[in-house]
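Enquirer: Structure file protein.cif (mmCIF, C-alpha atoms and all ligand atoms) is given on the next line.
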```
data_data
loop_
_atom_site.label_atom_id
_atom_site.label_comp_id
_atom_site.auth_asym_id
_atom_site.auth_seq_id
_atom_site.Cartn_x
_atom_site.Cartn_y
_atom_site.Cartn_z
CA MET A 14 -13.85 11.53 -13.45
CA VAL A 15 -10.17 11.68 -12.44
CA GLN A 16 -8.51 8.85 -14.27
CA ILE A 17 -4.88 8.90 -13.21
CA LEU A 18 -4.19 9.09 -9.52
CA THR A 19 -1.11 8.96 -7.33
CA ALA A 20 -0.68 5.84 -5.22
CA SER A 21 -1.87 7.57 -2.07
CA GLU A 22 -4.88 9.17 -3.81
CA ALA A 23 -5.85 5.77 -5.19
CA LYS A 24 -5.56 4.12 -1.75
CA LYS A 25 -7.69 6.85 -0.17
CA SER A 26 -10.32 6.70 -2.87
CA ILE A 27 -10.61 2.92 -2.62
CA LEU A 28 -10.93 2.94 1.17
CA LYS A 29 -13.47 5.77 1.04
CA ASN A 30 -15.59 3.70 -1.31
CA THR A 31 -15.28 0.48 0.70
CA PHE A 32 -18.21 -0.49 2.91
CA VAL A 33 -18.03 -2.82 5.89
CA ILE A 34 -19.85 -6.12 5.72
CA ASP A 35 -22.85 -6.22 8.06
CA SER A 36 -23.87 -9.87 8.13
CA THR A 37 -22.66 -11.95 11.04
CA GLU A 38 -22.71 -15.59 12.07
CA GLU A 39 -22.27 -17.56 15.28
CA LEU A 40 -19.37 -19.99 15.51
CA GLU A 41 -17.96 -22.52 17.93
CA LEU A 42 -14.95 -20.90 19.59
CA LYS A 43 -12.56 -23.52 18.17
CA ASN A 44 -13.49 -22.44 14.63
CA GLY A 45 -12.90 -18.77 15.30
CA LEU A 46 -9.21 -18.41 14.40
CA SER A 47 -8.55 -15.40 12.13
CA ARG A 48 -12.25 -14.49 12.07
CA VAL A 49 -13.33 -10.95 12.88
CA CYS A 50 -15.21 -10.44 16.13
CA ALA A 51 -18.62 -8.84 15.46
CA LYS A 52 -19.50 -7.91 19.07
CA THR A 53 -17.43 -6.59 21.95
CA ILE A 54 -17.11 -9.41 24.47
CA ILE A 55 -17.30 -8.49 28.15
CA CYS A 56 -15.57 -10.72 30.64
CA PRO A 57 -18.22 -12.66 32.63
CA ILE A 58 -15.87 -13.76 35.46
CA ASP A 59 -12.63 -12.83 37.20
CA VAL A 60 -9.57 -14.58 35.75
CA PRO A 61 -8.16 -16.27 37.69
CA SER A 62 -11.42 -16.72 39.53
CA TYR A 63 -9.65 -17.42 42.84
CA THR A 64 -6.35 -16.43 44.42
CA ASN A 65 -3.92 -19.27 43.80
CA SER A 66 -0.33 -20.30 44.15
CA ALA A 67 2.08 -19.51 41.33
CA MET A 68 4.61 -22.08 42.57
CA ASP A 69 4.95 -25.37 44.42
CA GLY A 70 5.79 -24.65 48.06
CA TYR A 71 4.15 -23.69 51.34
CA ALA A 72 1.44 -21.14 52.07
CA ILE A 73 2.34 -19.09 55.13
CA ASN A 74 1.45 -15.94 56.95
CA VAL A 75 4.81 -14.34 56.30
CA ASP A 76 4.95 -11.93 59.28
CA ASN A 77 4.12 -14.67 61.77
CA ALA A 78 6.48 -17.18 60.23
CA ARG A 79 9.32 -14.65 60.24
CA LYS A 80 8.64 -13.73 63.89
CA ARG A 81 8.72 -17.35 64.98
CA GLN A 82 12.03 -18.10 63.31
CA THR A 83 13.74 -14.82 64.25
CA SER A 84 12.72 -14.71 67.91
CA ALA A 85 13.88 -18.27 68.31
CA SER A 86 17.38 -17.52 67.05
CA LEU A 87 17.58 -14.15 68.93
CA TRP A 88 16.95 -15.76 72.29
CA ASN A 89 19.16 -18.65 71.39
CA ARG A 90 16.32 -20.99 71.95
CA ALA A 91 15.44 -23.92 69.75
CA PRO A 92 13.58 -22.44 66.74
CA GLU A 93 9.85 -22.26 67.13
CA LYS A 94 8.17 -24.72 64.90
CA ILE A 95 6.15 -23.85 61.84
CA LYS A 96 4.01 -26.91 61.61
CA ILE A 97 2.71 -28.14 58.26
CA ILE A 98 -0.96 -28.75 58.96
CA GLY A 99 -2.40 -29.60 55.58
CA LYS A 100 -2.13 -29.74 51.83
CA ALA A 101 -3.79 -27.93 48.88
CA THR A 102 -3.37 -29.10 45.31
CA ALA A 103 -4.88 -27.77 42.05
CA GLY A 104 -8.54 -28.73 42.05
CA HIS A 105 -8.38 -29.98 45.68
CA PRO A 106 -8.63 -27.08 48.12
CA TYR A 107 -7.61 -27.20 51.79
CA TYR A 108 -10.77 -27.11 53.89
CA GLY A 109 -9.16 -27.22 57.36
CA ASP A 110 -8.83 -24.41 59.90
CA PHE A 111 -6.52 -21.43 59.59
CA ASN A 112 -3.64 -21.35 62.01
CA GLU A 113 -1.54 -18.24 61.62
CA ASP A 114 1.58 -19.95 62.94
CA ALA A 115 1.33 -22.98 60.69
CA ALA A 116 1.90 -23.68 57.00
CA ILE A 117 -0.05 -25.48 54.28
CA GLN A 118 1.80 -27.42 51.64
CA ILE A 119 0.58 -26.01 48.32
CA MET A 120 0.97 -26.79 44.62
CA THR A 121 0.85 -24.48 41.62
CA GLY A 122 -2.72 -23.53 40.76
CA ALA A 123 -4.19 -24.53 44.13
CA ILE A 124 -6.40 -22.07 46.06
CA VAL A 125 -4.40 -20.19 48.67
CA PRO A 126 -6.35 -20.89 51.89
CA ALA A 127 -7.87 -17.83 53.58
CA GLY A 128 -5.53 -16.18 56.09
CA TYR A 129 -2.32 -17.04 54.25
CA ASP A 130 -0.68 -14.25 52.32
CA THR A 131 2.52 -15.66 50.84
CA VAL A 132 3.93 -18.81 49.29
CA VAL A 133 7.51 -19.82 50.05
CA ILE A 134 8.92 -22.06 47.34
CA ASN A 135 10.20 -25.60 47.91
CA GLU A 136 13.76 -24.58 47.02
CA ASP A 137 13.84 -22.08 49.95
CA VAL A 138 12.80 -24.43 52.77
CA THR A 139 13.81 -27.57 54.58
CA VAL A 140 11.28 -29.87 56.15
CA SER A 141 11.87 -32.12 59.15
CA ASN A 142 9.34 -34.06 61.16
CA GLY A 143 6.45 -32.23 59.57
CA ASN A 144 7.87 -28.81 60.41
CA LEU A 145 9.02 -26.11 58.06
CA ASN A 146 12.31 -24.23 58.26
CA ILE A 147 12.47 -21.24 55.93
CA LYS A 148 15.94 -20.47 54.56
CA GLU A 149 14.91 -17.44 52.56
CA PHE A 150 11.74 -15.43 53.13
CA PRO A 151 9.85 -14.18 50.10
CA LYS A 152 8.33 -10.72 50.18
CA LYS A 153 4.77 -10.51 51.45
CA GLY A 154 2.36 -11.64 48.72
CA GLY A 155 5.16 -13.44 46.89
CA ASN A 156 4.34 -16.34 44.52
CA ILE A 157 0.62 -15.67 44.68
CA ARG A 158 -1.65 -14.92 41.70
CA GLU A 159 -4.48 -12.68 42.80
CA ALA A 160 -8.06 -13.35 41.68
CA GLY A 161 -8.81 -11.13 38.66
CA GLU A 162 -5.19 -10.17 37.98
CA ASP A 163 -5.47 -11.35 34.34
CA LEU A 164 -8.99 -10.04 33.63
CA ARG A 165 -11.72 -8.59 35.85
CA LYS A 166 -15.40 -9.40 35.50
CA GLY A 167 -17.06 -6.59 33.47
CA GLU A 168 -13.85 -5.59 31.66
CA VAL A 169 -13.62 -5.71 27.85
CA CYS A 170 -12.20 -9.10 26.92
CA ILE A 171 -12.15 -8.78 23.10
CA SER A 172 -13.23 -5.69 21.15
CA LYS A 173 -15.53 -5.71 18.14
CA HIS A 174 -13.51 -5.69 14.87
CA LYS A 175 -10.57 -7.61 16.37
CA THR A 176 -9.22 -10.42 14.21
CA LEU A 177 -9.01 -13.40 16.53
CA THR A 178 -5.56 -14.82 17.22
CA ALA A 179 -4.64 -18.08 18.94
CA ALA A 180 -4.14 -16.10 22.17
CA ASP A 181 -7.63 -14.61 21.82
CA LEU A 182 -9.19 -18.08 21.49
CA GLY A 183 -7.39 -19.13 24.67
CA LEU A 184 -8.43 -15.95 26.44
CA LEU A 185 -12.11 -16.43 25.51
CA ALA A 186 -11.95 -20.04 26.67
CA SER A 187 -10.39 -18.89 29.96
CA VAL A 188 -13.53 -16.88 30.72
CA GLY A 189 -15.84 -19.75 29.78
CA ILE A 190 -17.03 -18.49 26.37
CA SER A 191 -17.65 -21.28 23.87
CA LYS A 192 -19.55 -19.50 21.05
CA ILE A 193 -18.69 -16.26 19.30
CA SER A 194 -20.33 -13.86 16.89
CA VAL A 195 -18.14 -13.02 13.88
CA PHE A 196 -18.58 -11.11 10.63
CA LYS A 197 -19.31 -13.38 7.68
CA LYS A 198 -16.36 -13.79 5.34
CA PRO A 199 -16.69 -11.41 2.38
CA LYS A 200 -17.53 -13.20 -0.86
CA VAL A 201 -14.95 -12.37 -3.50
CA ALA A 202 -15.49 -13.51 -7.07
CA ILE A 203 -12.42 -13.84 -9.27
CA PHE A 204 -11.73 -14.66 -12.86
CA SER A 205 -8.92 -14.34 -15.37
CA THR A 206 -9.53 -12.84 -18.79
CA GLY A 207 -7.74 -13.48 -22.04
CA ASP A 208 -8.15 -15.58 -25.18
CA GLU A 209 -4.63 -16.93 -24.62
CA ILE A 210 -5.12 -18.09 -21.01
CA LYS A 211 -5.42 -21.81 -20.22
CA ASN A 212 -5.75 -23.88 -17.07
CA PRO A 213 -2.59 -25.67 -15.91
CA ASN A 214 -4.16 -29.07 -16.64
CA GLU A 215 -4.79 -28.21 -20.31
CA SER A 216 -2.36 -28.50 -23.19
CA LEU A 217 -1.11 -25.30 -24.76
CA SER A 218 -1.48 -24.38 -28.43
CA VAL A 219 0.68 -21.79 -30.14
CA GLY A 220 0.39 -18.39 -28.46
CA GLN A 221 -1.29 -19.67 -25.34
CA ILE A 222 -0.06 -19.41 -21.73
CA TYR A 223 -1.07 -20.88 -18.42
CA ASP A 224 -3.17 -18.91 -15.98
CA SER A 225 -0.98 -18.01 -13.02
CA ASN A 226 -2.93 -14.99 -11.78
CA ARG A 227 -5.95 -16.84 -10.46
CA PHE A 228 -3.70 -19.07 -8.36
CA SER A 229 -1.63 -16.26 -6.84
CA LEU A 230 -4.79 -14.27 -6.28
CA ALA A 231 -6.63 -17.15 -4.63
CA GLY A 232 -3.58 -17.71 -2.40
CA MET A 233 -3.56 -14.09 -1.25
CA LEU A 234 -7.34 -14.08 -0.74
CA GLN A 235 -7.12 -17.24 1.34
CA LYS A 236 -4.48 -15.66 3.54
CA ILE A 237 -6.80 -12.80 4.43
CA GLY A 238 -9.78 -15.05 5.05
CA MET A 239 -12.02 -14.33 2.05
CA ASP A 240 -14.69 -16.62 0.73
CA ILE A 241 -13.53 -17.16 -2.86
CA ILE A 242 -15.90 -17.68 -5.78
CA ASP A 243 -13.66 -18.94 -8.60
CA LEU A 244 -15.22 -18.21 -11.98
CA GLY A 245 -12.32 -19.57 -14.02
CA ILE A 246 -11.09 -18.08 -17.27
CA ILE A 247 -13.26 -15.88 -19.50
CA PRO A 248 -12.21 -15.09 -23.08
CA ASP A 249 -11.84 -11.55 -24.43
CA ASN A 250 -15.50 -11.40 -25.35
CA PRO A 251 -17.47 -8.36 -24.16
CA ILE A 252 -20.83 -10.14 -24.23
CA MET A 253 -19.59 -12.97 -22.06
CA LEU A 254 -17.70 -10.63 -19.76
CA LYS A 255 -20.81 -8.52 -19.26
CA LYS A 256 -22.94 -11.54 -18.48
CA ILE A 257 -20.49 -13.13 -16.05
CA LEU A 258 -19.71 -9.85 -14.24
CA GLY A 259 -23.39 -8.95 -14.02
CA ASN A 260 -24.28 -12.31 -12.48
CA ALA A 261 -21.28 -12.36 -10.15
CA SER A 262 -22.03 -8.89 -8.81
CA SER A 263 -25.31 -10.05 -7.32
CA SER A 264 -23.68 -12.89 -5.39
CA SER A 265 -20.44 -11.29 -4.22
CA ASP A 266 -19.19 -8.34 -2.17
CA ALA A 267 -16.18 -7.76 -4.39
CA LEU A 268 -15.16 -8.76 -7.91
CA ILE A 269 -11.57 -9.10 -8.97
CA THR A 270 -10.48 -9.76 -12.52
CA THR A 271 -7.04 -9.82 -14.10
CA GLY A 272 -6.16 -8.75 -17.61
CA GLY A 273 -7.97 -6.66 -20.19
CA VAL A 274 -7.79 -3.34 -18.33
CA SER A 275 -5.19 -1.67 -20.52
CA VAL A 276 -5.80 0.25 -23.73
CA GLY A 277 -5.26 -2.60 -26.21
CA GLU A 278 -7.76 -3.50 -28.90
CA ARG A 279 -9.05 -6.50 -26.97
CA ASP A 280 -9.00 -4.93 -23.49
CA TYR A 281 -12.72 -4.86 -22.79
CA MET A 282 -12.96 -4.56 -19.03
CA LYS A 283 -13.35 -0.78 -18.85
CA THR A 284 -15.96 -0.69 -21.63
CA VAL A 285 -17.93 -3.44 -19.94
CA LEU A 286 -17.68 -1.74 -16.54
CA ASN A 287 -18.88 1.53 -18.04
CA GLU A 288 -21.95 -0.23 -19.39
CA ILE A 289 -23.00 -2.27 -16.39
CA GLY A 290 -21.39 -0.41 -13.50
CA LYS A 291 -19.33 2.62 -12.59
CA ILE A 292 -15.61 3.40 -13.06
CA LEU A 293 -13.98 5.52 -10.35
CA PHE A 294 -10.50 5.52 -11.85
CA TRP A 295 -8.44 3.37 -14.18
CA LYS A 296 -4.83 4.44 -13.90
CA ILE A 297 -2.39 4.94 -11.04
CA LYS A 298 1.05 6.54 -11.21
CA ILE A 299 2.82 3.38 -10.15
CA LYS A 300 5.11 0.67 -11.43
CA PRO A 301 4.22 -2.10 -11.84
CA GLY A 302 0.47 -1.99 -12.30
CA ARG A 303 -0.35 1.35 -13.91
CA PRO A 304 -3.57 0.16 -15.62
CA PHE A 305 -5.52 -0.63 -12.46
CA THR A 306 -9.26 -0.10 -12.58
CA PHE A 307 -11.52 0.53 -9.62
CA GLY A 308 -15.26 0.87 -9.68
CA SER A 309 -18.47 -0.87 -8.74
CA ILE A 310 -21.23 -3.02 -10.19
CA ASP A 311 -24.44 -2.82 -8.21
CA LYS A 312 -23.41 -3.16 -4.57
CA SER A 313 -20.24 -5.03 -5.38
CA MET A 314 -16.81 -3.37 -5.57
CA TYR A 315 -14.88 -4.02 -8.74
CA PHE A 316 -11.08 -4.28 -9.00
CA GLY A 317 -9.64 -4.73 -12.49
CA LEU A 318 -6.04 -5.83 -12.04
CA PRO A 319 -3.50 -5.79 -14.85
CA GLY A 320 -2.80 -9.10 -16.56
CA ASN A 321 0.93 -9.23 -15.93
CA PRO A 322 1.44 -11.65 -13.06
CA VAL A 323 3.65 -9.42 -10.90
CA SER A 324 1.51 -6.35 -11.54
CA SER A 325 -1.59 -8.19 -10.41
CA MET A 326 0.08 -9.44 -7.21
CA VAL A 327 1.61 -6.09 -6.33
CA THR A 328 -1.55 -4.08 -6.99
CA PHE A 329 -3.58 -6.61 -5.02
CA SER A 330 -1.25 -6.37 -2.02
CA GLN A 331 -1.05 -2.57 -2.06
CA PHE A 332 -4.55 -1.49 -3.12
CA VAL A 333 -7.04 -4.35 -2.92
CA MET A 334 -5.97 -6.03 0.31
CA PRO A 335 -6.49 -2.96 2.57
CA SER A 336 -9.95 -2.56 1.07
CA LEU A 337 -10.89 -6.22 1.62
CA ILE A 338 -9.61 -6.03 5.20
CA LYS A 339 -11.90 -3.08 5.81
CA LEU A 340 -14.76 -4.88 4.06
CA SER A 341 -14.28 -7.89 6.34
CA GLY A 342 -14.93 -5.73 9.41
CA ALA A 343 -11.32 -5.99 10.63
CA GLN A 344 -9.27 -3.11 11.96
CA PRO A 345 -7.02 -1.48 9.35
CA GLN A 346 -3.48 -2.85 9.26
CA GLU A 347 -0.61 -0.42 9.04
CA THR A 348 1.99 -1.53 6.51
CA PHE A 349 5.05 -2.75 8.40
CA PHE A 350 8.09 -0.96 7.05
CA LEU A 351 11.72 -1.63 7.87
CA PRO A 352 14.46 0.84 6.95
CA ALA A 353 17.23 -0.83 4.94
CA LYS A 354 20.33 0.39 3.14
CA ALA A 355 20.55 0.02 -0.61
CA ALA A 356 23.24 -2.58 -1.42
CA GLY A 357 23.78 -0.95 -4.82
CA GLU A 358 22.17 1.77 -6.88
CA ILE A 359 18.41 1.38 -7.27
CA ARG A 360 17.11 2.88 -10.46
CA LYS A 361 13.86 4.77 -10.04
CA ILE A 362 11.87 7.30 -12.06
CA LYS A 363 10.65 10.36 -10.18
CA GLY A 364 6.92 11.14 -10.18
CA ARG A 365 5.53 7.67 -9.61
CA THR A 366 5.58 5.10 -6.83
CA GLU A 367 7.60 2.01 -7.59
CA TYR A 368 7.18 -1.28 -5.81
CA GLN A 369 10.34 -3.21 -6.56
CA ARG A 370 10.84 -6.83 -5.60
CA GLY A 371 13.77 -6.94 -3.21
CA ILE A 372 15.99 -9.34 -1.34
CA TYR A 373 17.10 -8.10 2.05
CA GLU A 374 19.43 -9.52 4.62
CA LYS A 375 20.63 -8.68 8.08
CA LYS A 376 24.33 -7.96 8.44
CA GLU A 377 26.43 -8.85 11.48
CA ASN A 378 26.19 -5.33 12.92
CA GLY A 379 22.39 -5.64 12.92
CA SER A 380 21.67 -3.34 9.97
CA TYR A 381 19.50 -4.42 7.05
CA TRP A 382 20.66 -4.19 3.43
CA VAL A 383 18.50 -4.67 0.40
CA LYS A 384 19.03 -5.18 -3.30
CA PRO A 385 16.36 -5.29 -5.98
CA ALA A 386 15.64 -8.77 -7.36
CA GLU A 387 17.44 -9.19 -10.65
CA ASP A 388 14.65 -8.99 -13.18
CA GLN A 389 12.00 -6.40 -12.38
CA GLY A 390 9.90 -7.13 -15.49
CA SER A 391 6.22 -7.18 -14.56
CA GLY A 392 5.79 -10.59 -16.15
CA ILE A 393 8.69 -12.20 -14.24
CA LEU A 394 6.89 -14.12 -11.51
CA ASN A 395 10.05 -16.04 -10.70
CA SER A 396 11.64 -12.95 -9.15
CA MET A 397 8.51 -12.41 -7.05
CA SER A 398 8.80 -15.96 -5.81
CA ARG A 399 12.46 -15.42 -4.88
CA ALA A 400 12.00 -11.97 -3.32
CA ASN A 401 11.51 -11.53 0.42
CA CYS A 402 10.35 -7.92 0.46
CA ILE A 403 8.86 -5.07 -1.53
CA ILE A 404 11.03 -1.95 -1.75
CA HIS A 405 8.70 1.05 -1.52
CA LEU A 406 9.99 3.95 -3.57
CA THR A 407 7.65 6.92 -3.25
CA ASP A 408 6.79 9.49 -5.92
CA GLU A 409 9.39 12.12 -5.00
CA LEU A 410 12.37 9.71 -5.11
CA SER A 411 14.66 9.35 -8.09
CA ASN A 412 17.64 6.95 -8.32
CA VAL A 413 18.74 5.73 -4.89
CA LYS A 414 22.50 5.60 -4.33
CA LYS A 415 24.32 2.70 -2.71
CA GLY A 416 24.17 3.04 1.08
CA GLU A 417 21.11 5.30 1.12
CA SER A 418 18.20 4.22 3.24
CA VAL A 419 14.94 2.94 1.75
CA LEU A 420 11.79 1.48 3.27
CA ILE A 421 11.09 -2.17 2.70
CA GLU A 422 8.01 -4.23 3.44
CA PRO A 423 9.25 -7.68 4.52
CA PHE A 424 7.13 -10.68 3.54
CA MET A 425 7.80 -12.68 6.67
CA ALA A 426 5.82 -12.35 9.87
CA ASN A 427 5.32 -14.43 12.99
CA LYS A 428 3.00 -17.04 11.59
CA VAL A 429 1.75 -18.62 14.79
CA LEU A 430 1.28 -15.62 17.06
CA ASN A 431 -0.62 -13.60 14.54
P1 LIG B 501 -3.45 -7.80 -20.43
O1 LIG B 501 -3.49 -6.98 -19.19
O2 LIG B 501 -4.66 -8.58 -20.67
O3 LIG B 501 -3.01 -6.96 -21.60
O4 LIG B 501 -2.27 -8.84 -20.18
C1 LIG B 501 -0.94 -8.42 -19.99
C2 LIG B 501 -0.01 -9.62 -20.02
O5 LIG B 501 -0.30 -10.49 -18.97
C3 LIG B 501 -0.14 -10.45 -21.29
O6 LIG B 501 1.14 -10.85 -21.68
C4 LIG B 501 -0.99 -11.60 -20.87
O7 LIG B 501 -0.77 -12.74 -21.65
C5 LIG B 501 -0.55 -11.79 -19.44
N1 LIG B 501 -1.62 -12.39 -18.63
C6 LIG B 501 -2.91 -11.97 -18.62
N2 LIG B 501 -3.63 -12.74 -17.79
C7 LIG B 501 -2.81 -13.66 -17.30
C8 LIG B 501 -2.98 -14.73 -16.37
N3 LIG B 501 -4.16 -14.99 -15.85
N4 LIG B 501 -1.89 -15.47 -16.04
C9 LIG B 501 -0.71 -15.20 -16.60
N5 LIG B 501 -0.47 -14.19 -17.44
C10 LIG B 501 -1.51 -13.43 -17.81
MG MG B 502 -5.45 -9.66 -22.26
#
```
Here is a file; write its structure as structure tokens.
Ligand code: AMP
Ligand code: MG

Expert:
Amino acid sequence: MVQILTASEAKKSILKNTFVIDSTEELELKNGLSRVCAKTIICPIDVPSYTNSAMDGYAINVDNARKRQTSASLWNRAPEKIKIIGKATAGHPYYGDFNEDAAIQIMTGAIVPAGYDTVVINEDVTVSNGNLNIKEFPKKGGNIREAGEDLRKGEVCISKHKTLTAADLGLLASVGISKISVFKKPKVAIFSTGDEIKNPNESLSVGQIYDSNRFSLAGMLQKIGMDIIDLGIIPDNPIMLKKILGNASSSSDALITTGGVSVGERDYMKTVLNEIGKILFWKIKIKPGRPFTFGSIDKSMYFGLPGNPVSSMVTFSQFVMPSLIKLSGAQPQETFFLPAKAAGEIRKIKGRTEYQRGIYEKKENGSYWVKPAEDQGSGILNSMSRANCIIHLTDELSNVKKGESVLIEPFMANKVLN
């Protein structure tokens, strides 16, 4: 058993040992946001299903209309009339005859009557006595949306494994789909360990602290759409830990605990895991979060995160999240990196990956500059709360000089389009 891995070895090992959930459920489309599509959806109709006008104006046969107006001015005769013989509005088609020399008044979204090939917009015409005078001719086919130009019947509309966005919900509705098959949310059981850990609504005795990990963890799990089973706080008691973990493993796809994975006298998680499950590794060459344990209990994956609040958040975001995304049936997400210049020296020890909390900003010339948050202690949650990025400093790097480029992982993203 290899016990200390590099960051990239640990990531690979975790993903290799992550299965994909196979149970699915059917949902109303309106409840499908951020759920993972379990079946490729084929488009049952053309979208739009009929050729329609993209603008308010007049449907014409452009060659005929042009001929009528040009020949009239060439021969210095009164212009030939382009008569307006009808009207089509959205939802109310024009059912009259086609006359190639005439025009139909048309509104956005209305069916373009057969025989007409172009729409000239209101701004480019004058109308007198029911006749149309075109000031500026559009090109043939102008201002018309062809049937099927968005999606064609039989085409793939949404692929299996896609996480549904707001646009996807609209797209599925646009082809008349009202129910969807999605992967069930993975069940993730969490608990905090430690004799000193108390709930925020309890009073603290000497030597006790409030549980922050379970709240940060639940927040991150919610963001990636997991079904959370909150098992509370369990004391440093191997018998209890064994019992709770054993029970939880049969009702969850993944188990995440914080604390008790180091080498202290009362760090029982590894011993317990050895007895009731399997340890794959328990150390990674990283900072923060070196004592990170990965293994399994029955069919459930087990992640033992360090107790320090920042270590648990960072290791979750870098090692657990990609695994849970895979477990949920979703496509893997590439980490989004932005190059930024170091605003001062960044101290770093070679031979391990460091994830430093950073604060970046955009300068007037468009370049990004980053400085590490002031206190990088792995218990300082305040600096995590103030940070807006993680500075990724890979194994081979040592101290970074002011002005050198580093890769940052910004926290922000487009919240509504994603
Ligand atoms: P451990 O990994 O159990 O040795 O814990 C490392 C440090 O993190 C200790 O100072 C613990 O008191 C602290 N800690 C452990 N669990 C939590 C928690 N749930 N919330 C806040 N701090 C914690
Ligand atoms: Mg502890």

Enquirer: Taking only C-alpha atoms and all ligand atoms into account, report as number ranges by chain which residues have an atom no farther than 10 Å from an atom of ligand LIG 501 (chain B).

Expert: A: 204-212, 220-230, 245-247, 249, 270-282, 302, 304-305, 317-325, 391-394

Enquirer: Could you check how far CA of Gly259 in chain A sits from CA of Lys24 in chain A, in Å to one decimal?

Expert: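 Computed distance, CA of Gly259 in chain A to CA of Lys24 in chain A, equals 25.3 Å.
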
Enquirer: Between CA of Asn65 in chain A and CA of Ile193 in chain A, what is the distance, to one decimal in Å?

Expert: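 Separating CA of Asn65 in chain A from CA of Ile193 in chain A is a distance of 28.8 Å.
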
Enquirer: Measuring between only C-alpha atoms and all ligand atoms, which one of A:Asn250, A:Pro335, A:Gly342, A:Lys100 shows the shortest distance to ligand MG 502 (chain B)?

Expert: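 For ligand MG 502 (chain B), the nearest of the candidates is A:Asn250.
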
Enquirer: Between A:Ile421, A:Pro248, A:Ile54, A:Phe294, which residue has the minimum interatomic distance to ligand MG 502 (chain B), considering all atoms listed in the file?

Expert: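 So, comparing all the options, the nearest one is A:Pro248.
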
Enquirer: In Å, how far is it from CA of Val133 in chain A to CA of Ile73 in chain A?

Expert: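 That distance, rounded to one decimal, is 7.3 Å.
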
Enquirer: List the spatial neighbours of Lys25 in chain A as a PyMOL selection string - criterion: any atom at most 10 Å away, all atoms listed in the file, same-chain residues fewer than 6 positions off excluded.

Expert: chain A and resi 19+31+332+336

Enquirer: Show me, as number ranges by chain, the residues that have an atom within 8 Å of Asp69 in chain A when counting only C-alpha atoms, minus same-chain residues fewer than 3 positions from it.

Expert: A: 66, 119-121, 134-135

Enquirer: Counting only C-alpha atoms, figure out which residue out of A:Thr53, A:Thr306, A:Asn30, A:Thr64 gets nearest to Leu337 in chain A.

Expert: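 Distance minimum relative to Leu337 in chain A lands on A:Asn30.
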
Enquirer: Check the smallest atom-to-atom distance from each of A:Gly161, A:Leu28, A:Ser216, A:Ala72 to Gly99 in chain A using only C-alpha atoms, then report the winner.

Expert: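 Nearest to Gly99 in chain A: A:Ala72.
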
Enquirer: Give the answer as one residue: which of A:Pro352, A:Gly232, A:Pro151, A:Pro385 has the shortest atom-to-atom distance to Val419 in chain A, using only C-alpha atoms?

Expert: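 Selected residue with least distance to Val419 in chain A: A:Pro352.
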
Enquirer: I want to know what sits within 7 Å of range 153-156 of chain A, based on all atoms listed in the file, with residues of the same chain fewer than 2 positions away left out; could you give that as a ChimeraX atom specification?

Expert: /A:66-68,75,130-132,151,158

Enquirer: Kindly extract all protein, DNA and RNA residues lying within 8 Å of the coordinates (6.5, -27.7, 57.0) given in the file, considering all atoms listed in the file, and supply them as a ChimeraX atom specification.

Expert: /A:71,95-98,115-118,139-141,143-146

Enquirer: Have a look at A:Lys361, A:Lys52, A:Lys236, A:Lys298 and name the one nearest to Lys428 in chain A; count only C-alpha atoms.

Expert: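 Answer, going by the shortest atom-to-atom distance: A:Lys236.
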
Enquirer: Show me the residues close to (-14.2, -14.7, 37.5) - anything with an atom within 12 Å, counting only C-alpha atoms - and format the list as a list in words.

Expert: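 The requested residues, written out, are Ile55, Cys56, Pro57, Ile58, Asp59, Val60, Pro61, Ser62, Tyr63, Thr64, Glu159, Ala160, Gly161, Glu162, Asp163, Leu164, Arg165, Lys166, Gly167, Glu168, Ser187, Val188 and Gly189 of chain A.
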
Enquirer: Determine, counting only C-alpha atoms, which protein, DNA and RNA residues have an atom within 6 Å of an atom of Thr176 in chain A; residues of the same chain fewer than 4 positions away are not included. Present the result as a list in words.

Expert: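 Selected residues are Ser47, Arg48 and Val49 of chain A.
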